[in-house]
file model_29.pdb (PDB, C-alpha atoms and all ligand atoms)
ATOM      1  CA  MET B   1     113.808 105.004 125.160  1.00  0.00           C
ATOM      2  CA  THR B   2     116.629 102.802 124.008  1.00  0.00           C
ATOM      3  CA  GLY B   3     117.391  99.134 123.866  1.00  0.00           C
ATOM      4  CA  THR B   4     114.967  96.413 123.023  1.00  0.00           C
ATOM      5  CA  MET B   5     111.691  95.278 124.457  1.00  0.00           C
ATOM      6  CA  ARG B   6     109.315  92.356 124.239  1.00  0.00           C
ATOM      7  CA  CYS B   7     107.108  92.330 121.159  1.00  0.00           C
ATOM      8  CA  ASP B   8     103.400  92.579 121.979  1.00  0.00           C
ATOM      9  CA  VAL B   9     102.550  90.580 118.865  1.00  0.00           C
ATOM     10  CA  CYS B  10     104.844  87.557 118.974  1.00  0.00           C
ATOM     11  CA  GLY B  11     106.090  87.848 122.555  1.00  0.00           C
ATOM     12  CA  LYS B  12     109.780  87.616 121.640  1.00  0.00           C
ATOM     13  CA  GLU B  13     112.480  89.962 122.843  1.00  0.00           C
ATOM     14  CA  GLY B  14     114.201  92.229 120.371  1.00  0.00           C
ATOM     15  CA  ALA B  15     111.495  94.707 119.365  1.00  0.00           C
ATOM     16  CA  GLN B  16     112.910  98.174 118.851  1.00  0.00           C
ATOM     17  CA  ILE B  17     111.518 101.674 119.106  1.00  0.00           C
ATOM     18  CA  GLN B  18     111.797 103.893 116.054  1.00  0.00           C
ATOM     19  CA  LEU B  19     110.878 107.557 116.259  1.00  0.00           C
ATOM     20  CA  VAL B  20     108.941 108.592 113.190  1.00  0.00           C
ATOM     21  CA  THR B  21     106.961 111.574 111.978  1.00  0.00           C
ATOM     22  CA  ARG B  22     103.334 110.805 111.359  1.00  0.00           C
ATOM     23  CA  ALA B  23     100.621 112.863 109.712  1.00  0.00           C
ATOM     24  CA  TYR B  24      97.053 112.980 110.943  1.00  0.00           C
ATOM     25  CA  GLY B  25      93.982 114.550 109.377  1.00  0.00           C
ATOM     26  CA  ARG B  26      93.475 115.757 105.837  1.00  0.00           C
ATOM     27  CA  GLY B  27      93.599 118.851 103.725  1.00  0.00           C
ATOM     28  CA  GLY B  28      94.239 122.069 105.593  1.00  0.00           C
ATOM     29  CA  ARG B  29      93.719 120.343 108.924  1.00  0.00           C
ATOM     30  CA  GLU B  30      96.735 118.102 108.741  1.00  0.00           C
ATOM     31  CA  LEU B  31      98.772 117.725 111.857  1.00  0.00           C
ATOM     32  CA  LEU B  32     102.294 116.363 111.897  1.00  0.00           C
ATOM     33  CA  ILE B  33     103.481 114.702 115.063  1.00  0.00           C
ATOM     34  CA  ARG B  34     107.204 114.162 115.278  1.00  0.00           C
ATOM     35  CA  ASN B  35     109.092 111.523 117.215  1.00  0.00           C
ATOM     36  CA  VAL B  36     106.184 109.120 117.522  1.00  0.00           C
ATOM     37  CA  PRO B  37     107.613 105.904 118.990  1.00  0.00           C
ATOM     38  CA  VAL B  38     106.757 103.003 116.695  1.00  0.00           C
ATOM     39  CA  VAL B  39     107.650  99.535 117.933  1.00  0.00           C
ATOM     40  CA  THR B  40     109.107  97.369 115.189  1.00  0.00           C
ATOM     41  CA  CYS B  41     109.844  93.701 115.652  1.00  0.00           C
ATOM     42  CA  PRO B  42     112.493  92.019 113.502  1.00  0.00           C
ATOM     43  CA  GLN B  43     111.239  88.602 114.681  1.00  0.00           C
ATOM     44  CA  CYS B  44     107.716  88.783 113.250  1.00  0.00           C
ATOM     45  CA  GLY B  45     108.002  91.884 111.096  1.00  0.00           C
ATOM     46  CA  GLU B  46     105.204  93.749 112.788  1.00  0.00           C
ATOM     47  CA  SER B  47     105.258  97.403 113.639  1.00  0.00           C
ATOM     48  CA  TYR B  48     102.725  98.951 115.936  1.00  0.00           C
ATOM     49  CA  LEU B  49     101.955 101.696 118.398  1.00  0.00           C
ATOM     50  CA  THR B  50     101.516 100.905 122.059  1.00  0.00           C
ATOM     51  CA  ALA B  51      98.309 101.828 123.864  1.00  0.00           C
ATOM     52  CA  GLU B  52     100.198 104.553 125.720  1.00  0.00           C
ATOM     53  CA  THR B  53     101.405 106.030 122.439  1.00  0.00           C
ATOM     54  CA  LEU B  54      97.900 105.998 120.947  1.00  0.00           C
ATOM     55  CA  TYR B  55      96.586 107.680 124.071  1.00  0.00           C
ATOM     56  CA  GLU B  56      99.238 110.378 123.864  1.00  0.00           C
ATOM     57  CA  ILE B  57      98.505 110.960 120.159  1.00  0.00           C
ATOM     58  CA  GLU B  58      94.825 111.433 120.971  1.00  0.00           C
ATOM     59  CA  ARG B  59      95.793 113.872 123.705  1.00  0.00           C
ATOM     60  CA  ILE B  60      97.965 115.870 121.294  1.00  0.00           C
ATOM     61  CA  LYS B  61      95.211 115.941 118.667  1.00  0.00           C
ATOM     62  CA  LEU B  62      92.711 117.087 121.279  1.00  0.00           C
ATOM     63  CA  HIS B  63      94.960 119.876 122.506  1.00  0.00           C
ATOM     64  CA  ARG B  64      96.611 120.711 119.208  1.00  0.00           C
ATOM     65  CA  ARG B  65      96.007 124.428 119.645  1.00  0.00           C
ATOM     66  CA  ALA B  66      98.106 124.417 122.782  1.00  0.00           C
ATOM     67  CA  LEU B  67     100.611 121.743 121.831  1.00  0.00           C
ATOM     68  CA  ALA B  68     101.222 122.311 118.133  1.00  0.00           C
ATOM     69  CA  ALA B  69     103.237 125.120 116.604  1.00  0.00           C
ATOM     70  CA  ARG B  70     102.740 126.413 113.089  1.00  0.00           C
ATOM     71  CA  LYS B  71     105.812 125.824 110.975  1.00  0.00           C
ATOM     72  CA  GLN B  72     106.558 126.210 107.325  1.00  0.00           C
ATOM     73  CA  ILE B  73     107.544 122.898 105.875  1.00  0.00           C
ATOM     74  CA  GLU B  74     108.036 121.616 102.369  1.00  0.00           C
ATOM     75  CA  VAL B  75     105.457 119.051 101.346  1.00  0.00           C
ATOM     76  CA  ALA B  76     105.856 116.770  98.355  1.00  0.00           C
ATOM     77  CA  GLU B  77     103.305 114.455  96.770  1.00  0.00           C
ATOM     78  CA  PHE B  78     104.474 110.945  96.006  1.00  0.00           C
ATOM     79  CA  VAL B  79     103.693 110.890  92.318  1.00  0.00           C
ATOM     80  CA  ARG B  80     105.227 108.065  90.388  1.00  0.00           C
ATOM     81  CA  ALA B  81     105.331 108.738  86.672  1.00  0.00           C
ATOM     82  CA  PRO B  82     105.109 105.671  84.466  1.00  0.00           C
ATOM     83  CA  VAL B  83     108.477 104.853  82.959  1.00  0.00           C
ATOM     84  CA  GLU B  84     108.825 103.075  79.638  1.00  0.00           C
ATOM     85  CA  GLY B  85     110.386  99.648  79.807  1.00  0.00           C
ATOM     86  CA  GLU B  86     110.224  99.725  83.560  1.00  0.00           C
ATOM     87  CA  ALA B  87     111.190  96.606  85.416  1.00  0.00           C
ATOM     88  CA  ARG B  88     108.450  94.721  87.198  1.00  0.00           C
ATOM     89  CA  PRO B  89     107.914  95.519  90.860  1.00  0.00           C
ATOM     90  CA  THR B  90     110.214  93.732  93.217  1.00  0.00           C
ATOM     91  CA  ARG B  91     108.897  91.082  95.543  1.00  0.00           C
ATOM     92  CA  ALA B  92     109.095  93.493  98.436  1.00  0.00           C
ATOM     93  CA  LEU B  93     106.728  95.864  96.645  1.00  0.00           C
ATOM     94  CA  GLN B  94     104.274  93.103  95.853  1.00  0.00           C
ATOM     95  CA  ARG B  95     104.185  91.808  99.382  1.00  0.00           C
ATOM     96  CA  PRO B  96     101.015  92.910 101.164  1.00  0.00           C
ATOM     97  CA  ALA B  97     101.544  95.376 103.977  1.00  0.00           C
ATOM     98  CA  ARG B  98     101.600  93.658 107.331  1.00  0.00           C
ATOM     99  CA  SER B  99     101.757  96.795 109.368  1.00  0.00           C
ATOM    100  CA  THR B 100      99.278  97.018 112.195  1.00  0.00           C
ATOM    101  CA  VAL B 101      99.945 100.699 112.770  1.00  0.00           C
ATOM    102  CA  ARG B 102      96.648 102.461 113.101  1.00  0.00           C
ATOM    103  CA  ARG B 103      95.705 106.077 113.151  1.00  0.00           C
TER     104      ARG B 103
HETATM  105 ZN    ZN R 201     107.178  90.277 117.104  1.00  0.00          ZN
END
call {"tool": "encode", "arguments": {"input": "model_29.pdb", "output": "structure tokens"}}
result
Amino acid sequence: MTGTMRCDVCGKEGAQIQLVTRAYGRGGRELLIRNVPVVTCPQCGESYLTAETLYEIERIKLHRRALAARKQIEVAEFVRAPVEGEARPTRALQRPARSTVRR
């Protein structure tokens, strides 16, 4: 899947597919799915999963025993230690998330 497509949110051309790794579930039942196509639109800033992608994710979760392979991976927690005299968050950090990506 290359090139651009029409954005489902704003209807403009130029939305792009990005392949990302997403994690589902919690604790010892976490499942990583690689190369999930996320549509991101530079026009309106939205990023979302298509209905087909959501359907496929549900299918993978349902058949994870058959479709998923156990692999050893390194997992890090995002822990942000307070730093003295730290600068205030940038505007980008303060901006509320507009993502419509759902699990
Ligand atoms: Zn858009």
call {"tool": "residues_near_ligand", "arguments": {"input": "model_29.pdb", "ligand": "ligand ZN 201 (chain R)", "cutoff": "7 Å", "atoms": "all atoms listed in the file", "output": "JSON, numbers by chain"}}
result
{"B": [7, 8, 9, 10, 11, 12, 15, 41, 42, 43, 44, 45, 46]}
call {"tool": "resolve_selection", "arguments": {"input": "model_29.pdb", "expression": "the PyMOL selection byres (((chain B and resi 25-30) around 12) and not hetatm)", "output": "PyMOL selection string"}}
result
chain B and resi 22-24+31-33+61+64-65+68+70+75+103
call {"tool": "residues_near_point", "arguments": {"input": "model_29.pdb", "point": "(114.0, 99.0, 113.6)", "cutoff": "7 Å", "atoms": "all atoms listed in the file", "output": "JSON, numbers by chain"}}
result
{"B": [16, 17, 18, 40]}
call {"tool": "residues_near_point", "arguments": {"input": "model_29.pdb", "point": "(110.7, 106.3, 117.1)", "cutoff": "12 Å", "atoms": "all atoms listed in the file", "output": "list in words"}}
result
Met1, Thr2, Gly3, Ala15, Gln16, Ile17, Gln18, Leu19, Val20, Thr21, Arg22, Ile33, Arg34, Asn35, Val36, Pro37, Val38, Val39, Thr40, Ser47, Tyr48, Leu49, Thr50 and Thr53 of chain B
call {"tool": "write_last_selection", "arguments": {"input": "model_29.pdb", "atoms": "C-alpha atoms", "output": "PDB file, in the frame of the given file"}}
result
ATOM      1  CA  MET B   1     113.808 105.004 125.160  1.00  0.00           C
ATOM      2  CA  THR B   2     116.629 102.802 124.008  1.00  0.00           C
ATOM      3  CA  GLY B   3     117.391  99.134 123.866  1.00  0.00           C
ATOM      4  CA  ALA B  15     111.495  94.707 119.365  1.00  0.00           C
ATOM      5  CA  GLN B  16     112.910  98.174 118.851  1.00  0.00           C
ATOM      6  CA  ILE B  17     111.518 101.674 119.106  1.00  0.00           C
ATOM      7  CA  GLN B  18     111.797 103.893 116.054  1.00  0.00           C
ATOM      8  CA  LEU B  19     110.878 107.557 116.259  1.00  0.00           C
ATOM      9  CA  VAL B  20     108.941 108.592 113.190  1.00  0.00           C
ATOM     10  CA  THR B  21     106.961 111.574 111.978  1.00  0.00           C
ATOM     11  CA  ARG B  22     103.334 110.805 111.359  1.00  0.00           C
ATOM     12  CA  ILE B  33     103.481 114.702 115.063  1.00  0.00           C
ATOM     13  CA  ARG B  34     107.204 114.162 115.278  1.00  0.00           C
ATOM     14  CA  ASN B  35     109.092 111.523 117.215  1.00  0.00           C
ATOM     15  CA  VAL B  36     106.184 109.120 117.522  1.00  0.00           C
ATOM     16  CA  PRO B  37     107.613 105.904 118.990  1.00  0.00           C
ATOM     17  CA  VAL B  38     106.757 103.003 116.695  1.00  0.00           C
ATOM     18  CA  VAL B  39     107.650  99.535 117.933  1.00  0.00           C
ATOM     19  CA  THR B  40     109.107  97.369 115.189  1.00  0.00           C
ATOM     20  CA  SER B  47     105.258  97.403 113.639  1.00  0.00           C
ATOM     21  CA  TYR B  48     102.725  98.951 115.936  1.00  0.00           C
ATOM     22  CA  LEU B  49     101.955 101.696 118.398  1.00  0.00           C
ATOM     23  CA  THR B  50     101.516 100.905 122.059  1.00  0.00           C
ATOM     24  CA  THR B  53     101.405 106.030 122.439  1.00  0.00           C
TER      25      THR B  53
END
call {"tool": "atom_distance", "arguments": {"input": "model_29.pdb", "atom1": "atom CA of B:Ala66", "atom2": "atom CA of B:Leu54"}}
result
18.5 Å
call {"tool": "atom_distance", "arguments": {"input": "model_29.pdb", "atom1": "atom CA of B:Ala76", "atom2": "atom CA of B:Ile57"}}
result
23.7 Å
